[in-house]
file structure_25.cif (mmCIF, N, CA and C atoms)
data_input
#
loop_
_atom_site.group_PDB
_atom_site.id
_atom_site.type_symbol
_atom_site.label_atom_id
_atom_site.label_comp_id
_atom_site.auth_asym_id
_atom_site.auth_seq_id
_atom_site.Cartn_x
_atom_site.Cartn_y
_atom_site.Cartn_z
ATOM 1 N N MET A 290 -36.954 59.581 -55.416
ATOM 2 C CA MET A 290 -37.873 58.610 -54.845
ATOM 3 C C MET A 290 -37.125 57.607 -53.969
ATOM 4 N N LEU A 291 -35.973 57.172 -54.435
ATOM 5 C CA LEU A 291 -35.170 56.230 -53.669
ATOM 6 C C LEU A 291 -34.725 56.857 -52.349
ATOM 7 N N ARG A 292 -34.379 58.148 -52.392
ATOM 8 C CA ARG A 292 -33.978 58.845 -51.165
ATOM 9 C C ARG A 292 -35.127 58.862 -50.161
ATOM 10 N N LEU A 293 -36.320 59.106 -50.636
ATOM 11 C CA LEU A 293 -37.485 59.140 -49.758
ATOM 12 C C LEU A 293 -37.703 57.784 -49.090
ATOM 13 N N VAL A 294 -37.562 56.714 -49.836
ATOM 14 C CA VAL A 294 -37.734 55.368 -49.284
ATOM 15 C C VAL A 294 -36.663 55.083 -48.240
ATOM 16 N N LEU A 295 -35.410 55.414 -48.554
ATOM 17 C CA LEU A 295 -34.319 55.177 -47.607
ATOM 18 C C LEU A 295 -34.472 56.029 -46.354
ATOM 19 N N LEU A 296 -34.851 57.290 -46.538
ATOM 20 C CA LEU A 296 -35.021 58.184 -45.403
ATOM 21 C C LEU A 296 -36.162 57.718 -44.496
ATOM 22 N N SER A 297 -37.282 57.338 -45.090
ATOM 23 C CA SER A 297 -38.413 56.877 -44.274
ATOM 24 C C SER A 297 -38.078 55.560 -43.570
ATOM 25 N N SER A 298 -37.321 54.690 -44.205
ATOM 26 C CA SER A 298 -36.899 53.442 -43.561
ATOM 27 C C SER A 298 -36.018 53.728 -42.354
ATOM 28 N N ALA A 299 -35.091 54.674 -42.513
ATOM 29 C CA ALA A 299 -34.201 55.028 -41.408
ATOM 30 C C ALA A 299 -34.981 55.642 -40.251
ATOM 31 N N VAL A 300 -35.923 56.522 -40.556
ATOM 32 C CA VAL A 300 -36.720 57.167 -39.513
ATOM 33 C C VAL A 300 -37.551 56.132 -38.761
ATOM 34 N N LEU A 301 -38.174 55.219 -39.476
ATOM 35 C CA LEU A 301 -38.981 54.189 -38.826
ATOM 36 C C LEU A 301 -38.123 53.252 -37.984
ATOM 37 N N SER A 302 -36.922 52.957 -38.430
ATOM 38 C CA SER A 302 -36.021 52.098 -37.656
ATOM 39 C C SER A 302 -35.645 52.745 -36.341
ATOM 40 N N VAL A 303 -35.312 54.026 -36.384
ATOM 41 C CA VAL A 303 -34.936 54.747 -35.170
ATOM 42 C C VAL A 303 -36.145 54.907 -34.257
ATOM 43 N N ALA A 304 -37.312 55.135 -34.814
ATOM 44 C CA ALA A 304 -38.516 55.303 -34.004
ATOM 45 C C ALA A 304 -38.814 54.036 -33.208
ATOM 46 N N GLY A 305 -38.559 52.884 -33.793
ATOM 47 C CA GLY A 305 -38.763 51.625 -33.079
ATOM 48 C C GLY A 305 -37.837 51.493 -31.890
ATOM 49 N N CYS A 306 -36.639 52.046 -31.982
ATOM 50 C CA CYS A 306 -35.684 51.993 -30.875
ATOM 51 C C CYS A 306 -36.086 52.910 -29.730
ATOM 52 N N LEU A 307 -36.900 53.909 -30.005
ATOM 53 C CA LEU A 307 -37.277 54.870 -28.982
ATOM 54 C C LEU A 307 -38.439 54.401 -28.121
ATOM 55 N N GLN A 308 -39.091 53.320 -28.508
ATOM 56 C CA GLN A 308 -40.203 52.819 -27.715
ATOM 57 C C GLN A 308 -39.671 52.170 -26.452
ATOM 58 N N GLY A 309 -40.348 52.404 -25.338
ATOM 59 C CA GLY A 309 -39.912 51.826 -24.072
ATOM 60 C C GLY A 309 -40.195 50.342 -24.005
ATOM 61 N N ALA A 310 -39.497 49.684 -23.113
ATOM 62 C CA ALA A 310 -39.721 48.265 -22.893
ATOM 63 C C ALA A 310 -41.038 48.084 -22.148
ATOM 64 N N PRO A 311 -41.688 46.938 -22.325
ATOM 65 C CA PRO A 311 -42.933 46.708 -21.600
ATOM 66 C C PRO A 311 -42.679 46.632 -20.100
ATOM 67 N N ALA A 312 -43.671 46.990 -19.336
ATOM 68 C CA ALA A 312 -43.548 46.946 -17.878
ATOM 69 C C ALA A 312 -43.344 45.513 -17.420
ATOM 70 N N GLY A 313 -42.555 45.327 -16.383
ATOM 71 C CA GLY A 313 -42.275 43.993 -15.875
ATOM 72 C C GLY A 313 -43.474 43.404 -15.145
ATOM 73 N N ASP A 314 -43.521 42.094 -15.114
ATOM 74 C CA ASP A 314 -44.566 41.374 -14.405
ATOM 75 C C ASP A 314 -44.171 41.297 -12.936
ATOM 76 N N ALA A 315 -45.028 41.719 -12.050
ATOM 77 C CA ALA A 315 -44.709 41.757 -10.621
ATOM 78 C C ALA A 315 -44.423 40.372 -10.061
ATOM 79 N N SER A 316 -44.935 39.319 -10.694
ATOM 80 C CA SER A 316 -44.699 37.974 -10.182
ATOM 81 C C SER A 316 -43.331 37.449 -10.578
ATOM 82 N N GLN A 317 -42.670 38.112 -11.484
ATOM 83 C CA GLN A 317 -41.347 37.698 -11.932
ATOM 84 C C GLN A 317 -40.280 38.441 -11.146
ATOM 85 N N PRO A 318 -39.128 37.814 -10.922
ATOM 86 C CA PRO A 318 -38.061 38.515 -10.216
ATOM 87 C C PRO A 318 -37.536 39.675 -11.042
ATOM 88 N N ALA A 319 -36.984 40.671 -10.358
ATOM 89 C CA ALA A 319 -36.479 41.857 -11.045
ATOM 90 C C ALA A 319 -35.230 41.550 -11.860
ATOM 91 N N ARG A 320 -34.473 40.547 -11.452
ATOM 92 C CA ARG A 320 -33.265 40.194 -12.182
ATOM 93 C C ARG A 320 -33.114 38.683 -12.176
ATOM 94 N N SER A 321 -32.158 38.210 -12.948
ATOM 95 C CA SER A 321 -31.922 36.779 -13.042
ATOM 96 C C SER A 321 -30.517 36.461 -12.561
ATOM 97 N N ASP A 322 -30.363 35.303 -11.939
ATOM 98 C CA ASP A 322 -29.049 34.826 -11.529
ATOM 99 C C ASP A 322 -28.446 33.891 -12.572
ATOM 100 N N GLY A 323 -29.179 33.579 -13.624
ATOM 101 C CA GLY A 323 -28.679 32.716 -14.684
ATOM 102 C C GLY A 323 -28.843 31.227 -14.418
ATOM 103 N N ILE A 324 -29.378 30.851 -13.281
ATOM 104 C CA ILE A 324 -29.536 29.436 -12.947
ATOM 105 C C ILE A 324 -30.595 28.781 -13.836
ATOM 106 N N ALA A 325 -31.668 29.498 -14.124
ATOM 107 C CA ALA A 325 -32.752 28.939 -14.940
ATOM 108 C C ALA A 325 -32.289 28.637 -16.359
ATOM 109 N N ARG A 326 -31.196 29.262 -16.797
ATOM 110 C CA ARG A 326 -30.692 29.006 -18.151
ATOM 111 C C ARG A 326 -30.164 27.588 -18.323
ATOM 112 N N LYS A 327 -29.996 26.874 -17.229
ATOM 113 C CA LYS A 327 -29.558 25.478 -17.321
ATOM 114 C C LYS A 327 -30.645 24.595 -17.920
ATOM 115 N N LEU A 328 -31.877 25.099 -17.941
ATOM 116 C CA LEU A 328 -33.009 24.332 -18.454
ATOM 117 C C LEU A 328 -33.420 24.839 -19.825
ATOM 118 N N ALA A 329 -33.699 23.914 -20.720
ATOM 119 C CA ALA A 329 -34.179 24.264 -22.060
ATOM 120 C C ALA A 329 -35.669 23.964 -22.143
ATOM 121 N N VAL A 330 -36.378 24.770 -22.894
ATOM 122 C CA VAL A 330 -37.808 24.533 -23.104
ATOM 123 C C VAL A 330 -37.989 23.124 -23.656
ATOM 124 N N GLY A 331 -38.948 22.402 -23.082
ATOM 125 C CA GLY A 331 -39.253 21.054 -23.545
ATOM 126 C C GLY A 331 -38.667 19.937 -22.700
ATOM 127 N N VAL A 332 -37.735 20.251 -21.772
ATOM 128 C CA VAL A 332 -37.169 19.184 -20.948
ATOM 129 C C VAL A 332 -38.222 18.650 -19.986
ATOM 130 N N SER A 333 -38.020 17.426 -19.545
ATOM 131 C CA SER A 333 -38.951 16.796 -18.610
ATOM 132 C C SER A 333 -38.574 17.154 -17.175
ATOM 133 N N PRO A 334 -39.476 16.921 -16.231
ATOM 134 C CA PRO A 334 -39.118 17.144 -14.826
ATOM 135 C C PRO A 334 -37.906 16.313 -14.391
ATOM 136 N N ALA A 335 -37.776 15.104 -14.908
ATOM 137 C CA ALA A 335 -36.620 14.266 -14.563
ATOM 138 C C ALA A 335 -35.319 14.900 -15.058
ATOM 139 N N GLU A 336 -35.340 15.460 -16.270
ATOM 140 C CA GLU A 336 -34.149 16.127 -16.801
ATOM 141 C C GLU A 336 -33.833 17.393 -16.009
ATOM 142 N N ALA A 337 -34.856 18.098 -15.554
ATOM 143 C CA ALA A 337 -34.638 19.288 -14.732
ATOM 144 C C ALA A 337 -34.021 18.905 -13.394
ATOM 145 N N THR A 338 -34.434 17.782 -12.835
ATOM 146 C CA THR A 338 -33.861 17.311 -11.576
ATOM 147 C C THR A 338 -32.385 16.971 -11.744
ATOM 148 N N VAL A 339 -32.017 16.397 -12.870
ATOM 149 C CA VAL A 339 -30.603 16.110 -13.137
ATOM 150 C C VAL A 339 -29.812 17.411 -13.208
ATOM 151 N N ALA A 340 -30.374 18.430 -13.838
ATOM 152 C CA ALA A 340 -29.668 19.706 -14.016
ATOM 153 C C ALA A 340 -29.599 20.528 -12.735
ATOM 154 N N LEU A 341 -30.669 20.512 -11.919
ATOM 155 C CA LEU A 341 -30.755 21.422 -10.770
ATOM 156 C C LEU A 341 -30.805 20.735 -9.408
ATOM 157 N N GLY A 342 -30.915 19.429 -9.375
ATOM 158 C CA GLY A 342 -31.021 18.721 -8.102
ATOM 159 C C GLY A 342 -32.473 18.481 -7.730
ATOM 160 N N ALA A 343 -32.649 17.889 -6.564
ATOM 161 C CA ALA A 343 -34.002 17.544 -6.107
ATOM 162 C C ALA A 343 -34.857 18.793 -5.938
ATOM 163 N N ASP A 344 -36.145 18.641 -6.204
ATOM 164 C CA ASP A 344 -37.031 19.804 -6.092
ATOM 165 C C ASP A 344 -37.295 20.149 -4.630
ATOM 166 N N ALA A 345 -37.608 21.422 -4.403
ATOM 167 C CA ALA A 345 -37.912 21.922 -3.061
ATOM 168 C C ALA A 345 -39.409 22.130 -2.872
ATOM 169 N N GLY A 346 -40.171 21.947 -3.927
ATOM 170 C CA GLY A 346 -41.613 22.129 -3.842
ATOM 171 C C GLY A 346 -42.273 21.840 -5.174
ATOM 172 N N PHE A 347 -43.505 21.357 -5.113
ATOM 173 C CA PHE A 347 -44.277 21.020 -6.311
ATOM 174 C C PHE A 347 -45.702 21.467 -6.074
ATOM 175 N N GLU A 348 -46.275 22.107 -7.060
ATOM 176 C CA GLU A 348 -47.690 22.478 -6.957
ATOM 177 C C GLU A 348 -48.340 22.372 -8.326
ATOM 178 N N ARG A 349 -49.520 21.755 -8.343
ATOM 179 C CA ARG A 349 -50.289 21.633 -9.579
ATOM 180 C C ARG A 349 -51.234 22.820 -9.679
ATOM 181 N N ASN A 350 -51.401 23.340 -10.891
ATOM 182 C CA ASN A 350 -52.309 24.460 -11.123
ATOM 183 C C ASN A 350 -53.746 23.978 -10.910
ATOM 184 N N PRO A 351 -54.476 24.560 -9.959
ATOM 185 C CA PRO A 351 -55.845 24.094 -9.712
ATOM 186 C C PRO A 351 -56.804 24.371 -10.869
ATOM 187 N N ASP A 352 -56.458 25.311 -11.742
ATOM 188 C CA ASP A 352 -57.315 25.630 -12.885
ATOM 189 C C ASP A 352 -56.943 24.852 -14.140
ATOM 190 N N ASN A 353 -55.771 24.215 -14.134
ATOM 191 C CA ASN A 353 -55.301 23.458 -15.294
ATOM 192 C C ASN A 353 -54.416 22.332 -14.783
ATOM 193 N N TRP A 354 -54.983 21.161 -14.623
ATOM 194 C CA TRP A 354 -54.251 20.046 -14.029
ATOM 195 C C TRP A 354 -53.112 19.547 -14.899
ATOM 196 N N ASP A 355 -53.025 19.986 -16.142
ATOM 197 C CA ASP A 355 -51.897 19.612 -16.995
ATOM 198 C C ASP A 355 -50.665 20.454 -16.689
ATOM 199 N N GLU A 356 -50.836 21.536 -15.915
ATOM 200 C CA GLU A 356 -49.735 22.454 -15.606
ATOM 201 C C GLU A 356 -49.314 22.315 -14.149
ATOM 202 N N SER A 357 -48.004 22.327 -13.939
ATOM 203 C CA SER A 357 -47.483 22.298 -12.573
ATOM 204 C C SER A 357 -46.262 23.197 -12.485
ATOM 205 N N CYS A 358 -45.973 23.636 -11.277
ATOM 206 C CA CYS A 358 -44.795 24.454 -11.028
ATOM 207 C C CYS A 358 -43.918 23.720 -10.023
ATOM 208 N N VAL A 359 -42.656 23.581 -10.359
ATOM 209 C CA VAL A 359 -41.696 22.913 -9.493
ATOM 210 C C VAL A 359 -40.648 23.936 -9.084
ATOM 211 N N SER A 360 -40.325 23.972 -7.796
ATOM 212 C CA SER A 360 -39.307 24.886 -7.274
ATOM 213 C C SER A 360 -38.020 24.115 -7.025
ATOM 214 N N TYR A 361 -36.903 24.703 -7.434
ATOM 215 C CA TYR A 361 -35.579 24.139 -7.187
ATOM 216 C C TYR A 361 -34.787 25.162 -6.390
ATOM 217 N N SER A 362 -34.223 24.730 -5.273
ATOM 218 C CA SER A 362 -33.511 25.636 -4.380
ATOM 219 C C SER A 362 -32.047 25.776 -4.791
ATOM 220 N N TYR A 363 -31.527 26.981 -4.630
ATOM 221 C CA TYR A 363 -30.098 27.241 -4.775
ATOM 222 C C TYR A 363 -29.764 28.402 -3.859
ATOM 223 N N GLY A 364 -28.514 28.746 -3.763
ATOM 224 C CA GLY A 364 -28.113 29.811 -2.852
ATOM 225 C C GLY A 364 -27.621 29.213 -1.548
ATOM 226 N N THR A 365 -27.712 29.965 -0.488
ATOM 227 C CA THR A 365 -27.240 29.510 0.817
ATOM 228 C C THR A 365 -28.430 29.169 1.706
ATOM 229 N N PRO A 366 -28.196 28.365 2.751
ATOM 230 C CA PRO A 366 -29.296 28.072 3.678
ATOM 231 C C PRO A 366 -29.835 29.328 4.365
ATOM 232 N N GLU A 367 -28.964 30.312 4.577
ATOM 233 C CA GLU A 367 -29.400 31.555 5.217
ATOM 234 C C GLU A 367 -30.232 32.423 4.278
ATOM 235 N N ALA A 368 -29.936 32.361 2.999
ATOM 236 C CA ALA A 368 -30.644 33.179 2.001
ATOM 237 C C ALA A 368 -30.949 32.335 0.764
ATOM 238 N N PRO A 369 -31.875 31.391 0.896
ATOM 239 C CA PRO A 369 -32.171 30.537 -0.264
ATOM 240 C C PRO A 369 -32.888 31.313 -1.369
ATOM 241 N N LYS A 370 -32.645 30.885 -2.575
ATOM 242 C CA LYS A 370 -33.361 31.392 -3.742
ATOM 243 C C LYS A 370 -33.898 30.184 -4.487
ATOM 244 N N TYR A 371 -34.867 30.437 -5.350
ATOM 245 C CA TYR A 371 -35.521 29.331 -6.032
ATOM 246 C C TYR A 371 -35.672 29.586 -7.524
ATOM 247 N N VAL A 372 -35.541 28.506 -8.283
ATOM 248 C CA VAL A 372 -35.930 28.488 -9.692
ATOM 249 C C VAL A 372 -37.373 28.012 -9.714
ATOM 250 N N HIS A 373 -38.236 28.702 -10.439
ATOM 251 C CA HIS A 373 -39.610 28.254 -10.667
ATOM 252 C C HIS A 373 -39.659 27.701 -12.085
ATOM 253 N N ALA A 374 -39.930 26.415 -12.205
ATOM 254 C CA ALA A 374 -40.020 25.751 -13.502
ATOM 255 C C ALA A 374 -41.469 25.334 -13.731
ATOM 256 N N VAL A 375 -42.067 25.835 -14.795
ATOM 257 C CA VAL A 375 -43.467 25.531 -15.105
ATOM 258 C C VAL A 375 -43.503 24.496 -16.229
ATOM 259 N N PHE A 376 -44.184 23.391 -15.942
ATOM 260 C CA PHE A 376 -44.310 22.289 -16.893
ATOM 261 C C PHE A 376 -45.766 22.145 -17.314
ATOM 262 N N VAL A 377 -45.979 21.880 -18.589
ATOM 263 C CA VAL A 377 -47.296 21.539 -19.115
ATOM 264 C C VAL A 377 -47.145 20.183 -19.788
ATOM 265 N N ASN A 378 -47.943 19.214 -19.334
ATOM 266 C CA ASN A 378 -47.843 17.839 -19.836
ATOM 267 C C ASN A 378 -46.414 17.322 -19.740
ATOM 268 N N ASP A 379 -45.767 17.597 -18.615
ATOM 269 C CA ASP A 379 -44.401 17.147 -18.314
ATOM 270 C C ASP A 379 -43.350 17.650 -19.294
ATOM 271 N N ALA A 380 -43.573 18.819 -19.869
ATOM 272 C CA ALA A 380 -42.576 19.477 -20.719
ATOM 273 C C ALA A 380 -42.420 20.918 -20.231
ATOM 274 N N LEU A 381 -41.188 21.355 -20.026
ATOM 275 C CA LEU A 381 -40.933 22.703 -19.524
ATOM 276 C C LEU A 381 -41.397 23.752 -20.527
ATOM 277 N N VAL A 382 -42.176 24.720 -20.043
ATOM 278 C CA VAL A 382 -42.602 25.830 -20.896
ATOM 279 C C VAL A 382 -41.889 27.127 -20.529
ATOM 280 N N ARG A 383 -41.494 27.283 -19.240
ATOM 281 C CA ARG A 383 -40.712 28.454 -18.844
ATOM 282 C C ARG A 383 -40.074 28.193 -17.490
ATOM 283 N N ALA A 384 -38.964 28.887 -17.256
ATOM 284 C CA ALA A 384 -38.276 28.796 -15.969
ATOM 285 C C ALA A 384 -37.663 30.151 -15.658
ATOM 286 N N THR A 385 -37.829 30.594 -14.422
ATOM 287 C CA THR A 385 -37.236 31.847 -13.966
ATOM 288 C C THR A 385 -36.556 31.585 -12.632
ATOM 289 N N ASP A 386 -35.555 32.402 -12.323
ATOM 290 C CA ASP A 386 -34.843 32.213 -11.062
ATOM 291 C C ASP A 386 -34.854 33.494 -10.243
ATOM 292 N N ALA A 387 -34.139 33.477 -9.138
ATOM 293 C CA ALA A 387 -34.013 34.604 -8.202
ATOM 294 C C ALA A 387 -35.284 34.844 -7.392
ATOM 295 N N HIS A 388 -36.142 33.845 -7.289
ATOM 296 C CA HIS A 388 -37.336 33.962 -6.452
ATOM 297 C C HIS A 388 -36.945 33.729 -4.992
ATOM 298 N N VAL A 389 -37.623 34.395 -4.067
ATOM 299 C CA VAL A 389 -37.304 34.248 -2.645
ATOM 300 C C VAL A 389 -38.185 33.212 -1.947
ATOM 301 N N GLY A 390 -39.137 32.641 -2.644
ATOM 302 C CA GLY A 390 -40.004 31.608 -2.079
ATOM 303 C C GLY A 390 -40.361 30.583 -3.135
ATOM 304 N N ILE A 391 -40.915 29.451 -2.674
ATOM 305 C CA ILE A 391 -41.304 28.423 -3.636
ATOM 306 C C ILE A 391 -42.545 28.876 -4.402
ATOM 307 N N CYS A 392 -42.738 28.301 -5.577
ATOM 308 C CA CYS A 392 -43.868 28.728 -6.400
ATOM 309 C C CYS A 392 -45.180 28.216 -5.816
ATOM 310 N N SER A 393 -46.196 29.044 -5.981
ATOM 311 C CA SER A 393 -47.518 28.716 -5.471
ATOM 312 C C SER A 393 -48.569 29.365 -6.358
ATOM 313 N N TYR A 394 -49.558 28.599 -6.728
ATOM 314 C CA TYR A 394 -50.667 29.153 -7.501
ATOM 315 C C TYR A 394 -51.645 29.891 -6.596
ATOM 316 N N GLU A 395 -51.545 29.695 -5.295
ATOM 317 C CA GLU A 395 -52.435 30.354 -4.341
ATOM 318 C C GLU A 395 -51.999 31.783 -4.045
ATOM 319 N N ALA A 396 -50.699 31.998 -3.836
ATOM 320 C CA ALA A 396 -50.193 33.299 -3.391
ATOM 321 C C ALA A 396 -50.242 34.348 -4.493
ATOM 322 N N THR A 397 -49.563 34.089 -5.594
ATOM 323 C CA THR A 397 -49.516 35.035 -6.706
ATOM 324 C C THR A 397 -49.552 34.265 -8.004
ATOM 325 N N PRO A 398 -50.053 34.871 -9.058
ATOM 326 C CA PRO A 398 -50.053 34.179 -10.348
ATOM 327 C C PRO A 398 -48.635 34.021 -10.861
ATOM 328 N N LEU A 399 -48.393 32.918 -11.543
ATOM 329 C CA LEU A 399 -47.067 32.695 -12.108
ATOM 330 C C LEU A 399 -47.041 33.333 -13.441
#
call {"tool": "encode", "arguments": {"input": "structure_25.cif", "output": "structure tokens"}}
result
Amino acid sequence: MLRLVLLSSAVLSVAGCLQGAPAGDASQPARSDGIARKLAVGVSPAEATVALGADAGFERNPDNWDESCVSYSYGTPEAPKYVHAVFVNDALVRATDAHVGICSYEATPL
């Protein structure tokens, strides 16, 4: 009986490893440059400005005025990239980098 339990546990563990990863969100960059890791969940916009510099764009979510997206530029002037930092009630909920444009609730969903 113990062998059966151990064997079934091992089979289920391996089966979980065989499942594919979920499909990526098209609005998210394909890879990360690691810049967004400078921000921790819960930081304020002022703390994000200290970590990443002045923002390059700000947009409030028209469907939820408590949410806003702030873009921070990095990279070169010839090939700028942006961190998109989403704040709810002035607390960071998520940040992603390697975007080629500033965040906008009009163009694509965040």
call {"tool": "resolve_selection", "arguments": {"input": "structure_25.cif", "expression": "the PyMOL selection byres ((chain A and resi 365-378) around 8)", "output": "count of residues only"}}
result
30
call {"tool": "atom_distance", "arguments": {"input": "structure_25.cif", "atom1": "atom N of Tyr394 of chain A", "atom2": "atom N of Gly323 of chain A"}}
result
22.1 Å
call {"tool": "atom_distance", "arguments": {"input": "structure_25.cif", "atom1": "atom CA of Asp322 of chain A", "atom2": "atom CA of Ala340 of chain A"}}
result
15.3 Å
call {"tool": "atom_distance", "arguments": {"input": "structure_25.cif", "atom1": "atom CA of Gly331 of chain A", "atom2": "atom N of Asn353 of chain A"}}
result
19.3 Å
